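Q: Sharing my_file.txt, compact mmCIF, C-alpha atoms:
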```
# COMPACT_ATOMS: atom_id res chain seq x y z
CA MET A 1 176.33 111.77 81.90
CA LYS A 2 176.15 108.02 82.21
CA GLU A 3 176.44 105.89 79.08
CA ARG A 4 172.82 104.75 79.52
CA ASP A 5 171.49 108.32 79.69
CA LEU A 6 173.56 109.28 76.66
CA LEU A 7 172.17 106.33 74.73
CA GLU A 8 168.61 107.29 75.68
CA GLN A 9 169.16 110.88 74.56
CA PHE A 10 170.77 109.62 71.34
CA GLN A 11 167.78 107.39 70.53
CA ALA A 12 165.37 110.19 71.45
CA ASN A 13 167.12 112.49 68.97
CA ILE A 14 166.93 109.84 66.27
CA ASP A 15 163.24 109.30 66.94
CA ALA A 16 162.62 113.07 66.77
CA GLU A 17 164.40 113.32 63.39
CA ILE A 18 167.21 115.39 64.89
CA LYS A 19 170.31 114.64 62.82
CA ILE A 20 173.47 113.34 64.45
CA GLU A 21 176.47 115.55 63.62
CA PRO A 22 180.21 114.72 63.78
CA LYS A 23 181.13 115.62 67.35
CA ASP A 24 177.85 114.50 68.93
CA TRP A 25 178.01 111.54 71.29
CA MET A 26 177.08 108.29 69.53
CA PRO A 27 177.25 104.59 70.42
CA ASP A 28 180.47 102.91 69.24
CA GLU A 29 178.43 100.52 67.18
CA TYR A 30 176.67 103.39 65.37
CA ARG A 31 180.03 104.96 64.54
CA LYS A 32 181.50 101.62 63.40
CA THR A 33 178.52 100.72 61.26
CA LEU A 34 178.53 104.12 59.58
CA VAL A 35 182.27 104.05 58.90
CA ARG A 36 181.84 100.62 57.33
CA GLN A 37 178.82 101.60 55.26
CA ILE A 38 180.10 105.00 54.11
CA ALA A 39 183.56 103.61 53.26
CA GLN A 40 181.98 100.75 51.33
CA HIS A 41 179.87 103.28 49.46
CA ALA A 42 182.94 105.42 48.68
CA HIS A 43 184.95 102.41 47.49
CA SER A 44 182.03 101.40 45.26
CA GLU A 45 182.06 104.77 43.50
CA VAL A 46 185.77 104.60 42.77
CA VAL A 47 185.83 100.94 41.72
CA GLY A 48 182.68 101.70 39.71
CA MET A 49 184.72 103.95 37.45
CA LEU A 50 186.52 100.89 36.06
CA PRO A 51 183.79 98.98 34.17
CA GLU A 52 182.70 102.17 32.41
CA GLY A 53 186.20 103.57 31.99
CA ASN A 54 186.73 100.48 29.88
CA TRP A 55 184.58 101.91 27.06
CA ILE A 56 185.66 105.56 26.96
CA THR A 57 188.10 105.02 24.10
CA ARG A 58 185.45 103.07 22.16
CA ALA A 59 182.42 105.34 22.52
CA PRO A 60 180.62 105.51 19.17
CA SER A 61 180.42 109.30 18.96
CA LEU A 62 181.92 112.44 20.52
CA ARG A 63 178.66 113.17 22.32
CA ARG A 64 178.66 109.71 23.87
CA LYS A 65 182.32 110.03 24.80
CA LEU A 66 181.83 113.42 26.50
CA ALA A 67 178.84 112.12 28.45
CA LEU A 68 180.66 108.95 29.54
CA ILE A 69 183.78 110.83 30.63
CA ALA A 70 181.60 113.27 32.59
CA LYS A 71 179.79 110.39 34.26
CA VAL A 72 183.01 108.59 35.25
CA GLN A 73 184.39 111.88 36.55
CA ASP A 74 181.23 112.30 38.64
CA GLU A 75 181.79 108.86 40.18
CA ALA A 76 185.26 109.97 41.30
CA GLY A 77 183.65 113.04 42.83
CA HIS A 78 181.05 110.92 44.60
CA GLY A 79 183.80 108.79 46.07
CA LEU A 80 185.45 111.95 47.35
CA TYR A 81 182.26 113.31 48.96
CA LEU A 82 181.83 109.97 50.73
CA TYR A 83 185.44 109.71 51.93
CA SER A 84 184.95 113.24 53.32
CA ALA A 85 181.83 112.12 55.16
CA ALA A 86 183.61 109.05 56.54
CA GLU A 87 186.49 111.19 57.80
CA THR A 88 184.11 113.22 59.99
CA LEU A 89 183.78 110.03 62.05
CA GLY A 90 187.44 110.08 63.00
CA VAL A 91 189.00 107.78 60.40
CA ASP A 92 191.70 108.57 57.87
CA ARG A 93 191.08 108.25 54.15
CA ASP A 94 194.43 106.52 53.60
CA ASP A 95 193.51 103.78 56.09
CA LEU A 96 190.19 103.17 54.35
CA ILE A 97 191.94 102.89 50.99
CA GLU A 98 194.51 100.51 52.48
CA GLU A 99 191.66 98.29 53.74
CA LEU A 100 190.18 98.22 50.25
CA HIS A 101 193.52 97.29 48.70
CA GLU A 102 194.10 94.52 51.25
CA GLY A 103 190.70 93.04 50.46
CA LYS A 104 189.43 93.81 53.98
CA ALA A 105 186.81 96.32 52.87
CA LYS A 106 183.99 95.53 50.50
CA TYR A 107 182.44 97.45 47.64
CA SER A 108 179.21 96.90 45.76
CA SER A 109 179.33 93.48 44.11
CA ILE A 110 177.80 94.82 40.88
CA PHE A 111 181.17 96.20 39.82
CA ASN A 112 182.64 92.72 39.68
CA TYR A 113 180.86 92.05 36.40
CA PRO A 114 182.53 92.72 33.03
CA THR A 115 181.39 95.25 30.41
CA THR A 116 181.53 93.30 27.19
CA SER A 117 179.64 95.58 24.79
CA TRP A 118 178.88 99.27 24.27
CA ALA A 119 175.26 98.54 25.20
CA ASP A 120 176.50 97.80 28.71
CA MET A 121 177.09 101.54 29.13
CA GLY A 122 173.36 101.93 28.62
CA ALA A 123 172.35 99.06 30.88
CA ILE A 124 174.65 100.26 33.66
CA GLY A 125 173.29 103.80 33.49
CA TRP A 126 169.68 102.65 33.43
CA LEU A 127 169.79 99.70 35.86
CA VAL A 128 172.87 100.06 38.06
CA ASP A 129 172.61 103.83 38.52
CA GLY A 130 168.84 103.41 38.72
CA ALA A 131 169.18 101.00 41.63
CA ALA A 132 171.79 103.27 43.24
CA ILE A 133 169.44 106.26 42.92
CA MET A 134 166.66 104.39 44.67
CA ASN A 135 168.98 103.61 47.57
CA GLN A 136 170.56 107.06 47.63
CA VAL A 137 167.27 108.98 47.61
CA MET A 138 166.29 106.95 50.66
CA LEU A 139 169.64 107.77 52.27
CA THR A 140 169.12 111.54 51.91
CA ARG A 141 167.04 111.02 55.05
CA THR A 142 169.66 108.97 56.93
CA SER A 143 170.25 110.00 60.54
CA TYR A 144 173.93 110.99 60.20
CA GLY A 145 174.15 114.60 58.94
CA PRO A 146 177.30 114.52 56.76
CA TYR A 147 176.17 111.28 55.08
CA ALA A 148 172.69 112.68 54.35
CA ARG A 149 174.14 115.88 52.90
CA ALA A 150 176.59 113.96 50.69
CA MET A 151 173.57 111.97 49.41
CA VAL A 152 171.68 115.14 48.46
CA ARG A 153 174.61 116.26 46.36
CA ILE A 154 175.09 112.82 44.82
CA CYS A 155 171.40 112.45 43.91
CA LYS A 156 171.46 115.75 41.99
CA GLU A 157 174.30 114.44 39.85
CA GLU A 158 173.10 110.86 39.56
CA SER A 159 169.95 111.60 37.56
CA PHE A 160 171.94 112.54 34.46
CA HIS A 161 173.68 109.17 34.79
CA GLN A 162 170.45 107.23 34.55
CA ARG A 163 169.04 109.36 31.70
CA GLN A 164 172.30 109.01 29.78
CA GLY A 165 172.11 105.23 30.11
CA PHE A 166 168.47 104.97 29.15
CA GLU A 167 169.07 107.20 26.12
CA ILE A 168 171.87 104.89 24.94
CA LEU A 169 169.54 101.89 25.13
CA LEU A 170 166.73 103.81 23.47
CA THR A 171 168.99 104.71 20.55
CA LEU A 172 170.10 101.08 20.19
CA SER A 173 166.52 99.83 20.44
CA ARG A 174 165.58 102.03 17.47
CA GLY A 175 168.56 100.89 15.41
CA SER A 176 169.57 97.91 13.33
CA GLU A 177 168.76 94.32 14.18
CA GLU A 178 172.31 93.89 15.46
CA GLN A 179 171.94 96.93 17.73
CA ARG A 180 168.59 95.74 19.07
CA GLN A 181 170.10 92.35 19.89
CA MET A 182 173.08 93.99 21.59
CA CYS A 183 170.62 96.01 23.69
CA GLN A 184 168.58 92.97 24.74
CA ASP A 185 171.69 90.90 25.46
CA SER A 186 173.03 93.64 27.72
CA ILE A 187 169.76 93.90 29.65
CA ASN A 188 169.77 90.10 30.02
CA ARG A 189 173.20 90.17 31.67
CA TRP A 190 172.72 93.17 33.96
CA TRP A 191 169.16 92.65 35.23
CA TRP A 192 169.71 90.05 37.98
CA PRO A 193 173.01 91.52 39.27
CA SER A 194 171.20 94.89 39.55
CA LEU A 195 168.51 93.31 41.72
CA MET A 196 171.29 91.88 43.89
CA MET A 197 172.56 95.42 44.53
CA PHE A 198 169.85 95.82 47.13
CA GLY A 199 171.54 93.17 49.25
CA PRO A 200 170.20 90.02 50.87
CA SER A 201 166.49 89.60 51.51
CA ASP A 202 165.25 91.20 54.74
CA ALA A 203 164.99 87.81 56.42
CA GLU A 204 168.69 87.12 55.69
CA SER A 205 169.98 90.58 56.50
CA GLN A 206 171.61 90.75 59.94
CA HIS A 207 172.21 94.49 60.03
CA THR A 208 168.78 95.69 58.93
CA GLU A 209 166.97 95.81 62.27
CA GLN A 210 169.62 97.90 64.04
CA SER A 211 170.06 100.10 60.96
CA MET A 212 166.34 100.82 60.86
CA GLN A 213 166.17 101.58 64.59
CA TRP A 214 168.99 104.07 64.27
CA LYS A 215 167.52 105.37 61.00
CA VAL A 216 170.75 104.72 59.14
CA LYS A 217 168.43 102.94 56.73
CA ARG A 218 164.94 104.29 56.15
CA LYS A 219 163.61 101.46 53.97
CA THR A 220 164.48 97.77 53.91
CA ASN A 221 166.32 95.91 51.13
CA ASP A 222 163.17 94.16 49.92
CA GLU A 223 161.12 97.38 49.93
CA LEU A 224 163.65 99.16 47.73
CA ARG A 225 164.07 96.15 45.46
CA GLN A 226 160.30 95.98 44.90
CA GLU A 227 160.13 99.71 44.06
CA PHE A 228 162.95 99.21 41.56
CA VAL A 229 161.27 96.26 39.84
CA ASP A 230 157.97 98.15 39.55
CA ALA A 231 159.72 101.13 37.94
CA CYS A 232 161.79 99.08 35.50
CA VAL A 233 158.87 97.01 34.22
CA MET A 234 157.27 100.22 32.95
CA GLN A 235 160.51 101.59 31.53
CA VAL A 236 161.54 98.44 29.65
CA LYS A 237 158.27 98.60 27.69
CA VAL A 238 159.32 101.98 26.24
CA LEU A 239 162.49 100.28 24.99
CA GLY A 240 160.48 97.52 23.38
CA MET A 241 162.72 95.04 25.21
CA THR A 242 162.06 92.39 27.84
CA LEU A 243 163.42 91.68 31.30
CA PRO A 244 164.89 88.15 31.60
CA ASP A 245 162.39 86.93 34.19
CA PRO A 246 159.53 84.65 33.13
CA ASP A 247 157.99 85.02 36.60
CA LEU A 248 157.43 88.77 36.32
CA LYS A 249 153.71 89.29 36.79
CA TRP A 250 151.44 92.04 38.07
CA ASN A 251 149.90 91.06 41.40
CA GLU A 252 146.63 92.96 41.80
CA ALA A 253 146.24 92.06 45.47
CA ARG A 254 149.70 93.39 46.42
CA GLY A 255 149.67 96.29 43.98
CA HIS A 256 153.20 95.33 42.88
CA TYR A 257 154.94 93.08 40.37
CA ASP A 258 155.82 89.58 41.51
CA PHE A 259 159.26 88.54 40.32
CA GLY A 260 161.39 85.41 40.20
CA VAL A 261 163.84 84.05 42.75
CA ILE A 262 167.29 85.62 42.84
CA ASN A 263 170.26 83.29 42.54
CA TRP A 264 171.59 83.83 46.06
CA ASP A 265 174.48 81.40 45.49
CA GLU A 266 175.80 83.72 42.80
CA PHE A 267 175.28 86.73 45.08
CA TRP A 268 177.30 85.26 47.97
CA GLN A 269 180.01 83.93 45.66
CA VAL A 270 180.55 87.39 44.15
CA VAL A 271 180.47 89.06 47.58
CA LYS A 272 183.10 86.61 48.82
CA GLY A 273 185.44 87.47 45.97
CA ASN A 274 184.64 84.85 43.35
CA GLY A 275 182.88 87.04 40.79
CA PRO A 276 184.16 87.40 37.20
CA CYS A 277 186.20 90.56 37.83
CA ASN A 278 186.98 90.79 41.54
CA LYS A 279 190.68 90.11 41.18
CA GLN A 280 191.02 92.40 38.16
CA ARG A 281 189.23 95.29 39.87
CA LEU A 282 191.44 95.13 42.93
CA LYS A 283 194.56 94.78 40.80
CA ASP A 284 193.59 97.87 38.80
CA ARG A 285 192.93 99.89 41.94
CA VAL A 286 196.21 98.93 43.57
CA LYS A 287 198.08 99.71 40.35
CA ALA A 288 196.41 103.12 40.07
CA TRP A 289 197.44 103.90 43.66
CA GLU A 290 201.02 102.73 43.20
CA ASP A 291 201.47 104.34 39.77
CA GLY A 292 200.11 107.57 41.21
CA ALA A 293 202.63 107.77 44.06
CA TRP A 294 204.92 110.08 42.09
CA VAL A 295 202.00 112.51 41.57
CA ARG A 296 201.33 112.71 45.31
CA GLU A 297 205.01 113.21 46.05
CA ALA A 298 205.45 115.75 43.26
CA ALA A 299 202.50 117.78 44.54
CA LEU A 300 204.12 118.03 47.96
CA ALA A 301 207.49 118.96 46.49
CA TYR A 302 205.86 121.59 44.30
CA ALA A 303 203.93 123.01 47.24
CA GLU A 304 207.16 123.37 49.18
CA LYS A 305 208.89 125.01 46.21
CA ARG A 306 205.97 127.39 45.74
CA GLN A 307 206.02 128.37 49.38
CA LYS A 308 209.75 129.02 49.30
CA ARG A 309 209.48 131.28 46.29
CA SER A 310 206.42 133.08 47.70
CA MET A 311 205.05 133.38 44.23
CA GLN A 312 202.11 135.59 43.32
CA SER A 313 199.16 133.27 43.50
CA ALA A 314 195.61 133.53 42.23
CA ALA A 315 194.24 133.17 45.75
CA THR A 316 193.29 136.31 47.66
CA LYS A 317 192.83 136.92 51.34
CA VAL A 318 189.42 137.80 52.73
CA ALA A 319 190.52 139.81 55.76
CA MET B 1 198.25 111.45 51.24
CA LYS B 2 198.71 111.35 55.00
CA SER B 3 201.12 114.24 54.45
CA TRP B 4 198.48 116.29 52.63
CA PRO B 5 196.42 118.21 55.19
CA LEU B 6 192.63 118.19 55.23
CA TRP B 7 190.84 121.33 54.06
CA GLU B 8 187.22 122.39 54.55
CA VAL B 9 185.63 123.89 51.44
CA PHE B 10 183.10 126.74 51.36
CA ILE B 11 181.38 127.80 48.15
CA ARG B 12 179.47 130.97 47.29
CA SER B 13 177.00 129.91 44.59
CA LYS B 14 176.21 133.45 43.51
CA ASN B 15 176.79 137.02 44.66
CA GLY B 16 174.36 137.93 47.39
CA LEU B 17 174.65 134.56 49.09
CA SER B 18 177.26 133.66 51.67
CA HIS B 19 179.84 130.88 51.35
CA LYS B 20 178.32 127.58 52.38
CA HIS B 21 180.20 124.52 53.63
CA ALA B 22 180.38 121.98 50.80
CA GLY B 23 182.68 119.30 52.21
CA SER B 24 186.36 118.59 52.57
CA LEU B 25 189.37 117.41 50.60
CA HIS B 26 193.08 116.68 51.01
CA ALA B 27 195.58 118.92 49.20
CA ALA B 28 199.28 119.74 49.49
CA ASP B 29 198.72 123.50 49.87
CA ALA B 30 196.08 126.23 49.64
CA GLN B 31 196.38 126.81 45.90
CA MET B 32 195.96 123.10 45.18
CA ALA B 33 193.03 123.00 47.59
CA ILE B 34 191.30 125.83 45.69
CA GLU B 35 191.85 124.14 42.33
CA ASN B 36 190.72 120.74 43.60
CA ALA B 37 187.68 122.33 45.25
CA ARG B 38 186.73 123.78 41.87
CA ASP B 39 187.11 120.36 40.21
CA VAL B 40 185.22 118.45 42.89
CA TYR B 41 182.49 120.88 43.94
CA CYS B 42 181.92 123.17 40.96
CA ARG B 43 181.55 120.92 37.94
CA ARG B 44 178.10 122.28 37.23
CA ASN B 45 178.77 125.95 37.64
CA GLU B 46 177.76 125.82 41.30
CA GLY B 47 180.25 128.42 42.45
CA VAL B 48 181.46 131.96 41.86
CA SER B 49 183.81 131.95 44.83
CA ILE B 50 185.64 129.34 46.92
CA TRP B 51 187.14 129.55 50.41
CA VAL B 52 189.40 126.81 51.74
CA VAL B 53 190.47 126.55 55.35
CA GLU B 54 192.72 123.90 56.87
CA SER B 55 190.40 121.82 59.04
CA ALA B 56 192.89 122.18 61.91
CA ASN B 57 192.23 125.94 61.87
CA ILE B 58 188.53 125.62 62.59
CA THR B 59 187.43 125.84 66.20
CA ALA B 60 184.03 124.37 66.99
CA SER B 61 181.82 124.64 70.02
CA ASP B 62 181.56 121.43 72.04
CA PRO B 63 178.26 119.59 71.42
CA ALA B 64 178.52 117.99 74.86
CA GLU B 65 178.35 121.53 76.33
CA SER B 66 175.63 122.77 73.95
CA ASP B 67 172.88 122.97 76.51
CA PRO B 68 174.63 125.15 79.10
CA PHE B 69 176.51 127.08 76.40
CA PHE B 70 173.40 128.21 74.53
CA GLU B 71 171.14 128.30 77.58
CA PRO B 72 171.08 132.07 78.11
CA ALA B 73 169.23 132.53 74.79
CA LYS B 74 166.41 130.14 75.64
CA ASP B 75 164.39 132.36 77.96
CA LYS B 76 164.96 135.81 76.47
CA VAL B 77 161.55 136.06 74.81
CA TYR B 78 161.77 139.85 74.87
CA ARG B 79 164.33 139.61 72.03
CA HIS B 80 161.52 138.52 69.71
CA PRO B 81 159.06 140.96 68.04
CA THR B 82 156.08 138.85 69.10
CA PHE B 83 156.69 139.76 72.76
CA TYR B 84 155.46 143.29 72.11
CA ASP B 85 151.73 144.08 71.88
CA LEU B 86 150.76 146.89 69.53
CA PRO B 87 147.28 148.02 68.42
CA ASP B 88 145.99 146.69 65.10
CA GLU B 89 146.01 150.06 63.35
CA ILE B 90 149.84 150.04 63.51
CA LYS B 91 150.70 148.02 60.44
CA HIS B 92 154.12 147.03 59.14
CA MET B 93 155.97 147.36 62.46
```
What would you get if you wrote out this structure as structure tokens?
A:
Amino acid sequence: MKERDLLEQFQANIDAEIKIEPKDWMPDEYRKTLVRQIAQHAHSEVVGMLPEGNWITRAPSLRRKLALIAKVQDEAGHGLYLYSAAETLGVDRDDLIEELHEGKAKYSSIFNYPTTSWADMGAIGWLVDGAAIMNQVMLTRTSYGPYARAMVRICKEESFHQRQGFEILLTLSRGSEEQRQMCQDSINRWWWPSLMMFGPSDAESQHTEQSMQWKVKRKTNDELRQEFVDACVMQVKVLGMTLPDPDLKWNEARGHYDFGVINWDEFWQVVKGNGPCNKQRLKDRVKAWEDGAWVREAALAYAEKRQKRSMQSAATKVA
Amino acid sequence: MKSWPLWEVFIRSKNGLSHKHAGSLHAADAQMAIENARDVYCRRNEGVSIWVVESANITASDPAESDPFFEPAKDKVYRHPTFYDLPDEIKHM
């Protein structure tokens, strides 16, 4: 079939909500854009373990520590589901990781901010995971099958993340004056960066039109950002806290909350690598990879040893 | 990890259901693949049984040939119960 006919059939499938699966024909650009987006998503999960990993040893109670460890472990798992999905498109996980370590691949800019208090564990769970959930629920309907299925799995696990975060803030908000201030300070630092997670405004977003046509994206950046703001305004009231935006105001005509202007200079600076923690995050990731080399090698050596001995193993055959 | 092969993971969530494809992972050998599959895909008690297969050992039909390959099934309406007309007084058949 000619390229043009294949492209027409491809678009017809997309329009008819028929999912695209790994070996199906797809335009090069579709494949490239998905590899980029899925890899970026995977990298974000793994780098995202770092700001929260920072507080595991300082969690205020065993319950909080268990929940935080479980959450960070989930993020590792999410990264793995996404690397799996990316590999179905014909790329190798090791190459994707190399691109991350060389600074060629991006990850969500939110993880370039520091976690300076325990309350940040709450703000991250509520706002950062909250924003991620909004995006990920939308992506459960993305046109590429393996990506959509990974999203379904991730969404199931993500909801505990947001509840855990909100519960931390709720506990602080009902505590001492010092705890209430810590809570408000944390919200003040994480609010605007969380809004930036949805990416540039639709007018400034180059990829959006093509992504929408191919149903990689099902809602635009601004649509998702608005939904997020509307949800958070209600939720922050339960905490008895405020969002650091004097321009937040219900707009009866639109049926949504109006909100202030995002500092796009800050957004682009952080994306380009000039955020507070960019260098540290990359350094930590590279170190983890390099320090872990002996584990990867040992696993191979052990596998070989095991095979040679033909030990009794716990695995059974099915036929 | 280039030297660790890729494995496809199938999980049976409970007896009575079949193993369902859950995703993939890299592991040095089958035993490691099973253990990693448990850690990655069964953190919330989602599985009673795990199968792992090296991805290289799976053969798939070619999507480019789907139409001609599956074509014979498309016009065999007589394989479906609705093709057969029975009087109303015959119930549950």
Q: List as a ChimeraX atom specification the protein and nucleic acid residues near Asp62 (chain B), meaning an atom at most 9 Å away when only C-alpha atoms are counted, but skip any in the same chain fewer than 4 places from it.
A: /A:23-24 /B:66,69
Q: Identify every residue of chain A that has at least one atom within 9 Å of any atom of chain B, counting all atoms listed in the file, and report the result as a ChimeraX atom specification.
A: /A:21,23-25,74,76-78,80-81,83-85,92-94,146,149-150,296-297,299-304,307,313-315,318
Q: Taking all atoms of region 299-304 of chain A that appear in the file, build a box with edges along x, y and z, extend it by 8 Å on every side, and state its centre and edge lengths in Å to one decimal, as JSON.
A:
```
{"center_x": 205.0, "center_y": 120.6, "center_z": 46.7, "size_x": 21.0, "size_y": 21.6, "size_z": 20.9}
```
Q: How many Å lie between CA of Ala105 (chain A) and CA of Asn135 (chain A), rounded to one decimal?
A: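 According to the coordinates, CA of Ala105 (chain A) and CA of Asn135 (chain A) are separated by 20.0 Å.
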Q: How far is it from CA of Val9 (chain B) to CA of Gly145 (chain A), in Å with one decimal?
A: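 About the pair CA of Val9 (chain B) and CA of Gly145 (chain A): they are 16.6 Å apart.
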Q: As an exercise, work out the distance from CA of Phe198 (chain A) to CA of Pro244 (chain A) in Å and give it to one decimal place.
A: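 So the answer is 18.0 Å.
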Q: Near Phe111 (chain A), within 9 Å and counting only C-alpha atoms, which residues show up once chain neighbours fewer than 6 positions away are dropped, as a PyMOL selection string?
A: chain A and resi 44+47-51+277-278+281
Q: Could you check which residues have any atom within 12 Å of (180.2, 112.0, 32.9), counting all atoms listed in the file with coordinates taken straight from the file, and then list them as a PDB file with C-alpha atoms, keeping the file's coordinate frame?
A:
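result_1.pdb written:
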```
ATOM      1  CA  MET A  49     184.720 103.950  37.450  1.00  0.00           C
ATOM      2  CA  GLU A  52     182.700 102.170  32.410  1.00  0.00           C
ATOM      3  CA  GLY A  53     186.200 103.570  31.990  1.00  0.00           C
ATOM      4  CA  ILE A  56     185.660 105.560  26.960  1.00  0.00           C
ATOM      5  CA  ARG A  63     178.660 113.170  22.320  1.00  0.00           C
ATOM      6  CA  ARG A  64     178.660 109.710  23.870  1.00  0.00           C
ATOM      7  CA  LYS A  65     182.320 110.030  24.800  1.00  0.00           C
ATOM      8  CA  LEU A  66     181.830 113.420  26.500  1.00  0.00           C
ATOM      9  CA  ALA A  67     178.840 112.120  28.450  1.00  0.00           C
ATOM     10  CA  LEU A  68     180.660 108.950  29.540  1.00  0.00           C
ATOM     11  CA  ILE A  69     183.780 110.830  30.630  1.00  0.00           C
ATOM     12  CA  ALA A  70     181.600 113.270  32.590  1.00  0.00           C
ATOM     13  CA  LYS A  71     179.790 110.390  34.260  1.00  0.00           C
ATOM     14  CA  VAL A  72     183.010 108.590  35.250  1.00  0.00           C
ATOM     15  CA  GLN A  73     184.390 111.880  36.550  1.00  0.00           C
ATOM     16  CA  ASP A  74     181.230 112.300  38.640  1.00  0.00           C
ATOM     17  CA  GLU A  75     181.790 108.860  40.180  1.00  0.00           C
ATOM     18  CA  ALA A  76     185.260 109.970  41.300  1.00  0.00           C
ATOM     19  CA  GLY A  77     183.650 113.040  42.830  1.00  0.00           C
ATOM     20  CA  HIS A  78     181.050 110.920  44.600  1.00  0.00           C
ATOM     21  CA  MET A 121     177.090 101.540  29.130  1.00  0.00           C
ATOM     22  CA  GLY A 125     173.290 103.800  33.490  1.00  0.00           C
ATOM     23  CA  GLU A 157     174.300 114.440  39.850  1.00  0.00           C
ATOM     24  CA  GLU A 158     173.100 110.860  39.560  1.00  0.00           C
ATOM     25  CA  SER A 159     169.950 111.600  37.560  1.00  0.00           C
ATOM     26  CA  PHE A 160     171.940 112.540  34.460  1.00  0.00           C
ATOM     27  CA  HIS A 161     173.680 109.170  34.790  1.00  0.00           C
ATOM     28  CA  GLN A 162     170.450 107.230  34.550  1.00  0.00           C
ATOM     29  CA  ARG A 163     169.040 109.360  31.700  1.00  0.00           C
ATOM     30  CA  GLN A 164     172.300 109.010  29.780  1.00  0.00           C
ATOM     31  CA  GLY A 165     172.110 105.230  30.110  1.00  0.00           C
TER      32      GLY A 165
ATOM     33  CA  ARG B  43     181.550 120.920  37.940  1.00  0.00           C
ATOM     34  CA  ARG B  44     178.100 122.280  37.230  1.00  0.00           C
TER      35      ARG B  44
END
```
Q: Between A:Gln210, A:Ser143, A:Thr171, A:Ser201, which has the minimum distance to Gly122 (chain A) (counting all atoms listed in the file)?
A: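 Looking only at the distances to Gly122 (chain A), the closest residue turns out to be A:Thr171.
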Q: Quick one: residues within 8 Å of Asp120 (chain A), all atoms listed in the file, excluding same-chain residues fewer than 3 positions away - as a count of residues only?
A: 9
Q: Counting all atoms listed in the file, which residues in region 144-193 of chain A sit no more than 12 Å from region 220-229 of chain A? For each one, give the nearest pair of atoms and the distance in Å, sorted by chain then residue number, as CSV.
A:
```
residue,atom,partner,partner_atom,distance
A:Trp191,CA,A:Val229,CA,9.8
A:Trp192,CA,A:Val229,CA,10.6
A:Pro193,CA,A:Arg225,CA,11.8
```
